[in-house]
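Content type compact mmCIF, C-alpha atoms, from the file structure_11.txt:
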# COMPACT_ATOMS: atom_id res chain seq x y z
CA MET A 1 -33.95 -5.29 -8.32
CA PRO A 2 -30.55 -5.09 -10.00
CA ALA A 3 -27.96 -2.43 -9.12
CA PRO A 4 -24.59 -1.83 -10.82
CA CYS A 5 -21.32 -0.42 -9.57
CA LEU A 6 -17.88 0.22 -11.12
CA LEU A 7 -14.78 -1.21 -9.47
CA THR A 8 -12.71 1.93 -9.50
CA GLY A 9 -10.91 4.17 -6.99
CA SER A 10 -9.43 7.33 -8.52
CA TYR A 11 -6.74 9.68 -7.27
CA GLY A 12 -7.36 13.01 -9.00
CA SER A 13 -7.27 12.19 -12.69
CA THR A 14 -5.27 8.98 -12.19
CA LEU A 15 -7.30 5.76 -12.25
CA ARG A 16 -5.36 4.44 -9.29
CA TYR A 17 -7.19 1.38 -7.93
CA LYS A 18 -8.99 -0.87 -10.39
CA SER A 19 -10.44 -3.52 -8.10
CA VAL A 20 -12.16 -1.62 -5.31
CA GLU A 21 -15.54 -3.10 -4.33
CA ARG A 22 -17.85 -0.16 -3.88
CA MET A 23 -20.98 -2.19 -3.24
CA LYS A 24 -21.51 -4.13 0.00
CA PRO A 25 -24.41 -6.08 1.54
CA ILE A 26 -25.78 -4.64 4.79
CA GLY A 27 -27.55 -7.07 7.09
CA LYS A 28 -29.99 -9.47 5.43
CA HIS A 29 -32.05 -7.08 3.39
CA SER A 30 -29.99 -4.22 2.01
CA LEU A 31 -27.16 -3.28 -0.30
CA LEU A 32 -25.06 -0.11 -0.12
CA GLY A 33 -23.20 1.41 -3.05
CA ALA A 34 -20.99 4.48 -2.79
CA SER A 35 -19.01 6.96 -4.83
CA GLY A 36 -16.47 9.50 -3.55
CA GLU A 37 -13.83 9.08 -0.87
CA ILE A 38 -13.11 5.40 -0.26
CA SER A 39 -11.71 5.90 3.25
CA ASP A 40 -15.01 7.54 4.32
CA PHE A 41 -16.97 4.68 2.70
CA GLN A 42 -14.88 2.19 4.69
CA GLU A 43 -15.69 4.15 7.87
CA ILE A 44 -19.44 4.11 7.01
CA LEU A 45 -19.25 0.33 6.60
CA LYS A 46 -17.75 0.11 10.10
CA TYR A 47 -20.60 2.22 11.53
CA LEU A 48 -23.17 0.02 9.77
CA ASP A 49 -21.40 -3.11 11.00
CA GLU A 50 -21.85 -1.91 14.60
CA LEU A 51 -25.47 -0.96 13.90
CA ILE A 52 -26.33 -4.38 12.46
CA LEU A 53 -24.45 -6.17 15.24
CA TYR A 54 -26.37 -4.22 17.88
CA ASP A 55 -29.60 -5.08 16.08
CA ASN A 56 -28.72 -8.78 15.93
CA MET A 57 -27.82 -8.88 19.62
CA TRP A 58 -31.46 -8.15 20.52
CA ASP A 59 -32.20 -11.54 18.98
CA ASP A 60 -35.86 -10.66 18.76
CA GLY A 61 -36.68 -11.84 15.26
CA ASN A 62 -36.61 -8.29 13.93
CA SER A 63 -34.01 -7.04 11.53
CA LEU A 64 -33.14 -3.63 10.10
CA GLY A 65 -34.51 -3.19 6.59
CA PRO A 66 -33.40 -0.87 3.80
CA LYS A 67 -35.72 1.95 4.90
CA GLU A 68 -34.22 1.96 8.41
CA VAL A 69 -30.63 1.76 7.18
CA HIS A 70 -31.30 4.59 4.73
CA ASN A 71 -32.69 6.75 7.50
CA TYR A 72 -29.68 6.03 9.73
CA LEU A 73 -27.29 6.97 6.91
CA THR A 74 -29.21 10.19 6.23
CA ARG A 75 -28.86 11.21 9.88
CA VAL A 76 -25.13 10.41 9.89
CA MET A 77 -24.45 12.33 6.65
CA TYR A 78 -26.53 15.36 7.61
CA ASN A 79 -25.05 15.63 11.09
CA ARG A 80 -21.51 15.52 9.71
CA ARG A 81 -22.46 18.23 7.19
CA ASN A 82 -23.70 20.42 10.04
CA LYS A 83 -20.34 20.07 11.77
CA PHE A 84 -18.57 21.15 8.55
CA ASN A 85 -16.81 17.79 8.42
CA PRO A 86 -18.72 15.77 5.82
CA LEU A 87 -18.21 12.17 4.82
CA TRP A 88 -17.33 12.76 1.20
CA ASN A 89 -19.61 10.16 -0.40
CA SER A 90 -22.79 9.79 -2.44
CA LEU A 91 -24.65 6.71 -1.28
CA VAL A 92 -27.21 4.45 -2.91
CA LEU A 93 -29.16 2.12 -0.65
CA GLY A 94 -31.39 -0.61 -2.05
CA GLY A 95 -33.15 -3.65 -0.64
CA VAL A 96 -36.21 -5.82 -0.23
CA LYS A 97 -37.94 -6.58 3.05
CA LYS A 98 -41.22 -8.45 3.51
CA GLY A 99 -41.79 -8.28 -0.24
CA GLU A 100 -41.48 -4.48 -0.32
CA LYS A 101 -38.82 -3.05 -2.63
CA TYR A 102 -36.92 0.07 -1.58
CA LEU A 103 -34.37 2.27 -3.33
CA GLY A 104 -32.97 5.48 -1.86
CA THR A 105 -30.01 7.80 -2.03
CA VAL A 106 -28.13 10.17 0.34
CA SER A 107 -25.64 12.83 -0.70
CA MET A 108 -22.64 14.13 1.26
CA ILE A 109 -24.71 17.06 2.48
CA GLY A 110 -27.58 14.90 3.66
CA VAL A 111 -29.99 15.36 0.75
CA ASN A 112 -32.01 12.13 0.61
CA PHE A 113 -34.88 10.70 -1.38
CA GLU A 114 -36.31 7.49 -2.75
CA ASP A 115 -37.21 6.75 -6.32
CA ASN A 116 -37.56 3.91 -8.80
CA HIS A 117 -34.09 4.66 -10.11
CA VAL A 118 -31.21 6.51 -8.47
CA ALA A 119 -27.59 7.17 -9.38
CA THR A 120 -24.43 8.85 -8.16
CA GLY A 121 -22.15 11.32 -9.90
CA PHE A 122 -22.27 11.33 -13.67
CA GLY A 123 -24.96 8.69 -13.51
CA ASN A 124 -27.41 11.42 -12.55
CA HIS A 125 -26.71 13.27 -15.79
CA LEU A 126 -26.22 10.40 -18.20
CA ALA A 127 -28.08 7.37 -16.84
CA ARG A 128 -31.20 8.78 -15.22
CA PRO A 129 -32.58 10.35 -18.41
CA ILE A 130 -32.32 6.93 -20.08
CA LEU A 131 -33.98 5.32 -17.09
CA ARG A 132 -36.74 7.91 -17.05
CA GLN A 133 -37.61 6.93 -20.62
CA GLU A 134 -37.19 3.19 -20.39
CA TRP A 135 -37.88 2.08 -16.82
CA HIS A 136 -41.29 0.63 -16.09
CA GLU A 137 -42.90 -1.19 -13.22
CA ASN A 138 -42.83 -4.70 -14.70
CA LEU A 139 -39.20 -5.01 -15.73
CA SER A 140 -37.90 -8.57 -15.61
CA PHE A 141 -34.44 -9.25 -14.17
CA GLU A 142 -33.00 -9.80 -17.64
CA ASP A 143 -34.46 -6.54 -18.99
CA GLY A 144 -33.25 -4.73 -15.87
CA VAL A 145 -29.72 -5.97 -16.41
CA LYS A 146 -29.80 -4.99 -20.10
CA LEU A 147 -31.06 -1.52 -19.21
CA LEU A 148 -28.37 -1.04 -16.57
CA GLU A 149 -25.68 -2.27 -18.96
CA LYS A 150 -26.93 0.26 -21.52
CA CYS A 151 -26.48 3.01 -18.92
CA MET A 152 -23.08 1.74 -17.76
CA ARG A 153 -21.82 1.64 -21.35
CA VAL A 154 -22.77 5.31 -21.89
CA LEU A 155 -20.96 6.16 -18.67
CA LEU A 156 -17.92 4.21 -19.81
CA TYR A 157 -17.85 6.21 -23.05
CA ARG A 158 -18.46 9.59 -21.48
CA ASP A 159 -17.15 9.61 -17.87
CA ARG A 160 -13.39 10.10 -17.57
CA SER A 161 -13.22 8.44 -14.18
CA ALA A 162 -14.87 5.24 -15.43
CA ILE A 163 -13.10 1.95 -16.14
CA ASN A 164 -14.40 -1.09 -17.97
CA LYS A 165 -14.98 -3.30 -14.95
CA LEU A 166 -18.28 -3.57 -13.14
CA GLN A 167 -20.46 -5.70 -10.91
CA ILE A 168 -24.23 -6.04 -10.83
CA ALA A 169 -26.10 -7.02 -7.66
CA LYS A 170 -29.53 -8.62 -7.51
CA ILE A 171 -31.66 -8.27 -4.41
CA THR A 172 -34.87 -10.21 -3.83
CA GLU A 173 -36.84 -11.40 -0.83
CA GLU A 174 -34.91 -14.67 -0.96
CA GLY A 175 -31.52 -12.99 -0.75
CA MET A 176 -28.80 -11.09 -2.51
CA THR A 177 -26.17 -11.98 -5.10
CA ILE A 178 -23.36 -9.74 -6.29
CA SER A 179 -21.96 -10.80 -9.66
CA GLN A 180 -18.26 -11.35 -10.24
CA PRO A 181 -16.48 -8.36 -11.87
CA TYR A 182 -16.87 -8.27 -15.68
CA SER A 183 -16.29 -5.96 -18.69
CA LEU A 184 -18.66 -4.64 -21.36
CA LYS A 185 -18.11 -4.70 -25.11
CA THR A 186 -17.83 -1.24 -26.63
CA TYR A 187 -18.76 -0.07 -30.13
CA TRP A 188 -16.68 2.53 -31.85
CA MET B 1 16.29 32.67 -10.26
CA ASP B 2 15.91 30.87 -6.97
CA LEU B 3 19.25 31.13 -5.17
CA GLU B 4 17.65 30.69 -1.77
CA MET B 5 17.45 27.00 -0.97
CA ASN B 6 14.81 26.64 1.68
CA LEU B 7 16.94 24.66 4.10
CA ASN B 8 14.27 24.91 6.74
CA ALA B 9 11.56 23.28 4.67
CA PRO B 10 10.06 20.24 6.38
CA HIS B 11 11.82 16.98 5.58
CA SER B 12 9.82 15.16 2.99
CA MET B 13 10.57 11.86 1.40
CA GLY B 14 9.58 12.41 -2.23
CA THR B 15 10.15 8.73 -2.62
CA THR B 16 9.39 5.63 -4.52
CA ILE B 17 8.03 2.76 -2.44
CA ILE B 18 6.87 -0.65 -3.63
CA GLY B 19 5.41 -3.79 -2.05
CA VAL B 20 4.96 -7.01 -4.01
CA THR B 21 3.59 -10.43 -2.99
CA TYR B 22 5.13 -13.57 -4.42
CA ASN B 23 4.63 -17.29 -4.09
CA GLY B 24 5.60 -17.61 -0.39
CA GLY B 25 6.01 -14.08 0.98
CA VAL B 26 6.46 -10.40 0.18
CA VAL B 27 9.19 -8.13 -1.14
CA LEU B 28 9.28 -4.48 -0.05
CA GLY B 29 11.42 -1.93 -1.88
CA ALA B 30 12.26 1.77 -1.62
CA ASP B 31 14.72 4.45 -2.72
CA SER B 32 16.85 6.31 -0.14
CA ARG B 33 16.43 10.05 -0.74
CA THR B 34 15.11 12.45 1.94
CA SER B 35 14.82 16.06 0.80
CA THR B 36 14.42 19.44 2.55
CA GLY B 37 13.05 21.60 -0.28
CA MET B 38 15.65 21.23 -3.04
CA TYR B 39 18.47 19.96 -0.78
CA VAL B 40 19.00 16.24 -0.23
CA ALA B 41 19.11 16.00 3.56
CA ASN B 42 19.83 12.27 3.65
CA ARG B 43 21.03 10.37 0.56
CA ALA B 44 21.04 6.98 2.25
CA SER B 45 17.86 6.85 4.31
CA ASP B 46 16.15 3.63 5.24
CA LYS B 47 12.48 3.99 4.41
CA ILE B 48 11.57 0.39 5.15
CA THR B 49 10.86 0.33 8.86
CA GLN B 50 10.29 -2.63 11.14
CA LEU B 51 6.98 -2.89 13.02
CA THR B 52 7.33 -6.46 14.31
CA ASP B 53 9.57 -9.46 13.52
CA ASN B 54 7.35 -10.35 10.58
CA VAL B 55 5.78 -7.03 9.49
CA TYR B 56 7.54 -4.05 7.92
CA VAL B 57 6.26 -0.76 6.51
CA CYS B 58 7.45 1.41 3.59
CA ARG B 59 7.14 5.12 4.40
CA SER B 60 6.50 8.03 2.02
CA GLY B 61 5.42 11.68 2.28
CA SER B 62 6.38 13.72 5.33
CA ALA B 63 9.35 12.13 7.13
CA ALA B 64 8.10 13.31 10.53
CA ASP B 65 4.53 12.11 10.04
CA SER B 66 5.52 8.68 8.71
CA GLN B 67 8.03 8.17 11.52
CA ILE B 68 5.62 9.07 14.29
CA VAL B 69 2.84 6.89 12.84
CA SER B 70 5.17 3.89 12.55
CA ASP B 71 6.51 4.53 16.08
CA TYR B 72 2.99 4.52 17.55
CA VAL B 73 1.98 1.40 15.61
CA ARG B 74 5.15 -0.42 16.67
CA TYR B 75 4.28 0.44 20.27
CA PHE B 76 0.66 -0.75 19.92
CA LEU B 77 1.71 -3.93 18.14
CA HIS B 78 4.22 -4.71 20.87
CA GLN B 79 1.46 -4.55 23.47
CA HIS B 80 -0.91 -6.49 21.22
CA THR B 81 1.69 -9.27 20.77
CA ILE B 82 2.05 -9.60 24.55
CA GLN B 83 -1.71 -9.80 25.05
CA LEU B 84 -2.24 -12.15 22.12
CA GLY B 85 0.61 -14.49 23.08
CA GLN B 86 1.82 -14.87 19.50
CA SER B 87 3.07 -12.78 16.54
CA ALA B 88 0.77 -10.08 15.26
CA THR B 89 -0.67 -10.52 11.77
CA SER B 90 0.03 -8.12 8.91
CA LYS B 91 -3.72 -7.36 8.77
CA VAL B 92 -3.71 -6.04 12.35
CA ALA B 93 -0.65 -3.89 11.67
CA ALA B 94 -2.29 -2.45 8.55
CA ASN B 95 -5.53 -1.70 10.37
CA LEU B 96 -3.68 0.13 13.16
CA ILE B 97 -1.92 2.27 10.56
CA ARG B 98 -5.28 2.93 8.91
CA LEU B 99 -6.86 4.07 12.19
CA LEU B 100 -4.13 6.64 12.79
CA SER B 101 -4.07 7.79 9.16
CA TYR B 102 -7.85 8.10 8.83
CA ASN B 103 -8.59 9.69 12.19
CA ASN B 104 -5.87 12.29 11.74
CA LYS B 105 -6.34 12.81 8.03
CA THR B 106 -6.48 16.62 8.23
CA MET B 107 -3.10 16.77 9.91
CA LEU B 108 -1.04 13.94 8.43
CA GLU B 109 0.63 13.75 5.05
CA THR B 110 1.94 10.23 4.69
CA GLY B 111 1.34 7.28 2.37
CA LEU B 112 2.37 3.86 3.67
CA ILE B 113 2.69 0.34 2.34
CA VAL B 114 2.53 -2.44 4.94
CA GLY B 115 3.98 -5.84 4.05
CA GLY B 116 4.38 -8.95 6.17
CA TRP B 117 4.08 -12.69 6.53
CA ASP B 118 1.92 -14.53 9.06
CA LYS B 119 0.95 -18.17 9.43
CA TYR B 120 -2.74 -17.53 8.75
CA GLU B 121 -2.65 -15.64 5.46
CA GLY B 122 0.95 -15.96 4.26
CA GLY B 123 2.44 -12.93 2.51
CA LYS B 124 0.17 -9.86 2.27
CA ILE B 125 0.57 -6.27 1.06
CA TYR B 126 -1.69 -3.45 2.27
CA ALA B 127 -1.63 0.07 0.83
CA ILE B 128 -2.70 2.98 3.04
CA PRO B 129 -2.62 6.16 0.91
CA LEU B 130 -3.25 9.76 2.01
CA GLY B 131 -6.92 9.72 3.13
CA GLY B 132 -6.62 6.59 5.28
CA THR B 133 -8.18 4.11 2.84
CA LEU B 134 -7.01 0.55 3.49
CA ILE B 135 -6.65 -1.59 0.39
CA GLU B 136 -5.20 -5.08 0.19
CA GLN B 137 -3.47 -5.73 -3.14
CA PRO B 138 -1.16 -8.30 -4.77
CA PHE B 139 1.26 -5.40 -5.26
CA ALA B 140 1.29 -1.72 -4.32
CA ILE B 141 3.27 1.34 -5.38
CA GLY B 142 3.49 4.71 -3.66
CA GLY B 143 5.36 7.98 -3.31
CA SER B 144 6.02 10.61 -5.96
CA GLY B 145 8.10 8.21 -8.05
CA SER B 146 5.22 5.78 -8.38
CA SER B 147 3.57 7.98 -11.03
CA TYR B 148 6.18 6.71 -13.46
CA LEU B 149 5.53 3.08 -12.63
CA TYR B 150 1.80 2.54 -13.27
CA GLY B 151 2.38 1.66 -16.90
CA PHE B 152 5.45 -0.43 -16.06
CA PHE B 153 3.56 -2.59 -13.58
CA ASP B 154 0.50 -2.94 -15.83
CA GLN B 155 2.88 -4.60 -18.27
CA ALA B 156 5.45 -6.36 -16.08
CA TRP B 157 3.44 -7.69 -13.13
CA LYS B 158 2.35 -11.31 -13.13
CA GLU B 159 0.72 -13.53 -10.53
CA GLY B 160 2.77 -16.33 -8.88
CA MET B 161 6.34 -15.02 -9.27
CA THR B 162 9.28 -16.61 -7.45
CA LYS B 163 11.18 -14.75 -4.75
CA ASP B 164 14.01 -13.81 -7.12
CA GLU B 165 11.65 -12.70 -9.91
CA ALA B 166 9.74 -10.53 -7.44
CA GLU B 167 12.89 -8.92 -6.05
CA GLN B 168 14.27 -8.27 -9.55
CA LEU B 169 10.99 -6.62 -10.50
CA VAL B 170 11.09 -4.37 -7.43
CA VAL B 171 14.71 -3.35 -7.95
CA LYS B 172 14.10 -2.61 -11.65
CA ALA B 173 10.99 -0.56 -10.83
CA VAL B 174 12.60 1.58 -8.10
CA SER B 175 15.58 2.12 -10.36
CA LEU B 176 13.33 3.31 -13.24
CA ALA B 177 11.51 5.68 -10.91
CA ILE B 178 14.77 7.11 -9.59
CA ALA B 179 15.79 7.80 -13.21
CA ARG B 180 12.79 10.07 -13.77
CA ASP B 181 11.69 11.39 -10.37
CA GLY B 182 13.84 14.17 -8.88
CA ALA B 183 12.46 13.45 -5.45
CA SER B 184 13.67 9.83 -5.52
CA GLY B 185 17.31 8.79 -5.61
CA GLY B 186 20.26 7.19 -3.89
CA VAL B 187 20.28 3.42 -3.46
CA VAL B 188 17.61 0.75 -3.75
CA ARG B 189 16.83 -1.09 -0.53
CA THR B 190 14.73 -4.25 -0.39
CA VAL B 191 13.34 -6.35 2.44
CA ILE B 192 12.08 -9.89 1.78
CA ILE B 193 9.72 -11.44 4.35
CA ASN B 194 8.58 -15.07 4.33
CA SER B 195 8.09 -18.05 6.63
CA GLU B 196 11.85 -18.39 7.05
CA GLY B 197 12.34 -14.83 8.29
CA VAL B 198 13.50 -11.48 6.98
CA ALA B 199 16.31 -10.65 4.54
CA ARG B 200 17.57 -7.13 3.80
CA ASN B 201 19.32 -6.23 0.55
CA PHE B 202 21.06 -3.15 -0.75
CA TYR B 203 21.69 -2.14 -4.37
CA PRO B 204 23.95 0.89 -4.87
CA GLY B 205 23.78 2.91 -8.13
CA ASP B 206 26.63 1.01 -9.78
CA LYS B 207 24.86 -2.34 -9.36
CA LEU B 208 21.81 -1.13 -11.30
CA GLN B 209 21.05 -1.34 -15.00
CA LEU B 210 21.54 1.85 -17.05
CA TRP B 211 18.45 3.38 -18.62
CA HIS B 212 17.85 5.73 -21.56
CA GLU B 213 20.33 8.61 -21.80
CA GLU B 214 22.33 7.36 -18.81
CA LEU B 215 26.05 6.84 -19.31
CA GLU B 216 28.52 4.34 -17.91
CA PRO B 217 30.19 5.99 -14.89
CA GLN B 218 33.92 6.76 -15.26
CA ASN B 219 36.61 7.58 -12.71
CA SER B 220 37.73 10.64 -14.66
CA LEU B 221 37.74 12.33 -18.08
CA LEU B 222 41.46 11.66 -18.07
CA ASP B 223 40.83 7.93 -18.34
CA LEU B 224 38.65 8.49 -21.40
CA LEU B 225 41.21 10.76 -23.01
CA ASN B 226 44.01 8.33 -22.34
CA SER B 227 42.19 5.36 -23.74
CA SER B 228 41.33 6.99 -27.06

Could you spell out this file's structure in structure tokens?
Amino acid sequence: MPAPCLLTGSYGSTLRYKSVERMKPIGKHSLLGASGEISDFQEILKYLDELILYDNMWDDGNSLGPKEVHNYLTRVMYNRRNKFNPLWNSLVLGGVKKGEKYLGTVSMIGVNFEDNHVATGFGNHLARPILRQEWHENLSFEDGVKLLEKCMRVLLYRDRSAINKLQIAKITEEGMTISQPYSLKTYW
Amino acid sequence: MDLEMNLNAPHSMGTTIIGVTYNGGVVLGADSRTSTGMYVANRASDKITQLTDNVYVCRSGSAADSQIVSDYVRYFLHQHTIQLGQSATSKVAANLIRLLSYNNKTMLETGLIVGGWDKYEGGKIYAIPLGGTLIEQPFAIGGSGSSYLYGFFDQAWKEGMTKDEAEQLVVKAVSLAIARDGASGGVVRTVIINSEGVARNFYPGDKLQLWHEELEPQNSLLDLLNSS
């Protein structure tokens, strides 16, 4: 299951930070990607770090999978929204545990769902329609990457806050790899 | 026309601040203007503040907020150094700044650049902008004057500079920002931190290169008239 993420941190309309990693592995089974306020994303990573540490300390052979992490994040985001002090992020949580694939999303107001393809920000408007047409159950890794690159290229053309630098992560039962940052060719 | 200068406006350091790593340490640089509305309250401020023997911070934004944050962090680091039994690392200093900046984000208005040298990681620069994000970078720019420097650094920055190249770059950059940003001005101060220790430098206006539409300073018109 591949998942892409741009390496950008904006400040209003200025593309201020061009090497921010917005995708991080969580525990053994999951991957979290975020858009929005980077300081809040960093705080979420600290919360998850504590959660995973607490889970590991039980040392009982069990480990938190993507479904559990997604649920935890939903609770955190919704509770903050209720206190009128949201964490200003849109999150994408993906992973594989015991052969089962999982992909979910949570918004800053706590709206959450799972689907075969999810996106944040402009991705919802530009990428998901492409994915709706072209995604199917038996995509190979190579086809998945090509499809994601197609979506990322459209976003690069049409989203002002995008930069030409991205990473793609691959999650399988065996483990997770996040690619090094790279750029896409564009056609004018 | 605004004849009323708001002399009671909070002190803000419009500012240009810069932190750059080089092959062996870091160079921190800043301008020296503190303004109260349109009035320059201090034309020779020192915006590069010491946190420990080996870690310094460049302050921008509200003068009060940046001073109180650095005072607290200096205090925490002092205790931490005693408990640890050795010098604090620049990473710890940066994380303490981040905690205060993030947890008080609704109340504070300060952007900081932490730079230091420690025996574990060598020279490091950490930027902590307004929201409390912590980001480690090979170089960082901040303050209102930094808007004019993004393009400059995209072109002029290179990896693996020497100490002198790095300092020259910082001085040139602050000087360019002062030329265009009304909220930055005065002198250019730099602090160089490496394994050997800390060195402070000072570059007054007359030691800096002249930029576009700037003229060579004269003592008086009379000198010009007499020489022609």

Residues of chain A that have any atom at most 10 Å from an atom of chain B: could you tabulate them with the shortest-distance atom pair and the distance in Å to one decimal, using all atoms listed in the file, ordered by chain and increasing number, as a Markdown table?
| residue | atom | partner | partner_atom | distance |
| --- | --- | --- | --- | --- |
| A:Tyr11 | CA | B:Pro129 | CA | 9.8 |
| A:Thr14 | CA | B:Ser147 | CA | 9.0 |
| A:Leu15 | CA | B:Tyr150 | CA | 9.7 |
| A:Arg16 | CA | B:Tyr150 | CA | 8.4 |
| A:Tyr17 | CA | B:Ile135 | CA | 8.9 |
| A:Ser19 | CA | B:Gln137 | CA | 8.8 |
| A:Val20 | CA | B:Ile135 | CA | 7.9 |
| A:Glu37 | CA | B:Gly131 | CA | 8.0 |
| A:Ile38 | CA | B:Thr133 | CA | 6.0 |
| A:Ser39 | CA | B:Thr133 | CA | 4.0 |
| A:Asp40 | CA | B:Thr133 | CA | 7.8 |
| A:Phe41 | CA | B:Thr133 | CA | 8.8 |
| A:Gln42 | CA | B:Thr133 | CA | 7.2 |
| A:Glu43 | CA | B:Tyr102 | CA | 8.8 |

Within 9 Å of Asn54 (chain B) using only C-alpha atoms, minus same-chain residues under 5 positions, as a PyMOL selection string: chain B and resi 87-90+115-118+193-195+197-198

Point-to-point distance in Å for CA of Thr120 (chain A) and CA of Thr74 (chain A):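 Interatomic distance here is 15.2 Å.
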
Among listed residues A:Lys101, A:Ala3, A:Ser90, A:Gly175, nearest Gly36 (chain A) (using only C-alpha atoms): A:Ser90

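Look at Val111 (chain A): the protein and nucleic acid residues within 10 Å of it, using only C-alpha atoms and passing over chain neighbours fewer than 4 places away, are Thr74, Met77, Tyr78, Ser90, Thr105, Val106 and Ser107 of chain A.
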
Who sits within 9 Å of Leu131 (chain A), all atoms listed in the file, same chain under 4 positions skipped, as a ChimeraX atom specification: /A:117,127,135-136,147-148,151

Distance criterion (all atoms listed in the file): nearest to Val92 (chain A) out of A:Gln133, A:Cys5, A:Asn138, A:Lys165: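 Smallest separation from Val92 (chain A) among the options: A:Cys5.
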
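In terms of minimum interatomic distance to Leu6 (chain A), A:Tyr182 ranks closest within A:Phe141, A:Tyr182, A:Phe84, A:Tyr157, counting only C-alpha atoms.
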
Two-atom distance - CA of Leu77 (chain B), CA of Arg200 (chain B) (Å):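 We find that CA of Leu77 (chain B) and CA of Arg200 (chain B) lie 21.6 Å from each other.
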
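Interatomic distance, CA of His29 (chain A) against CA of Gly65 (chain A): 5.6 Å.
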
Nearby residues (all atoms listed in the file) at most 8 Å from Lys47 (chain B), same-chain spacing under 4 positions excluded, as a VMD selection string: chain B and resid 30 to 32 58 to 60

Given all atoms listed in the file as the counted atoms, nearest of B:Gln209, B:Thr110, B:Thr162, B:Thr81 to Gly142 (chain B): B:Thr110
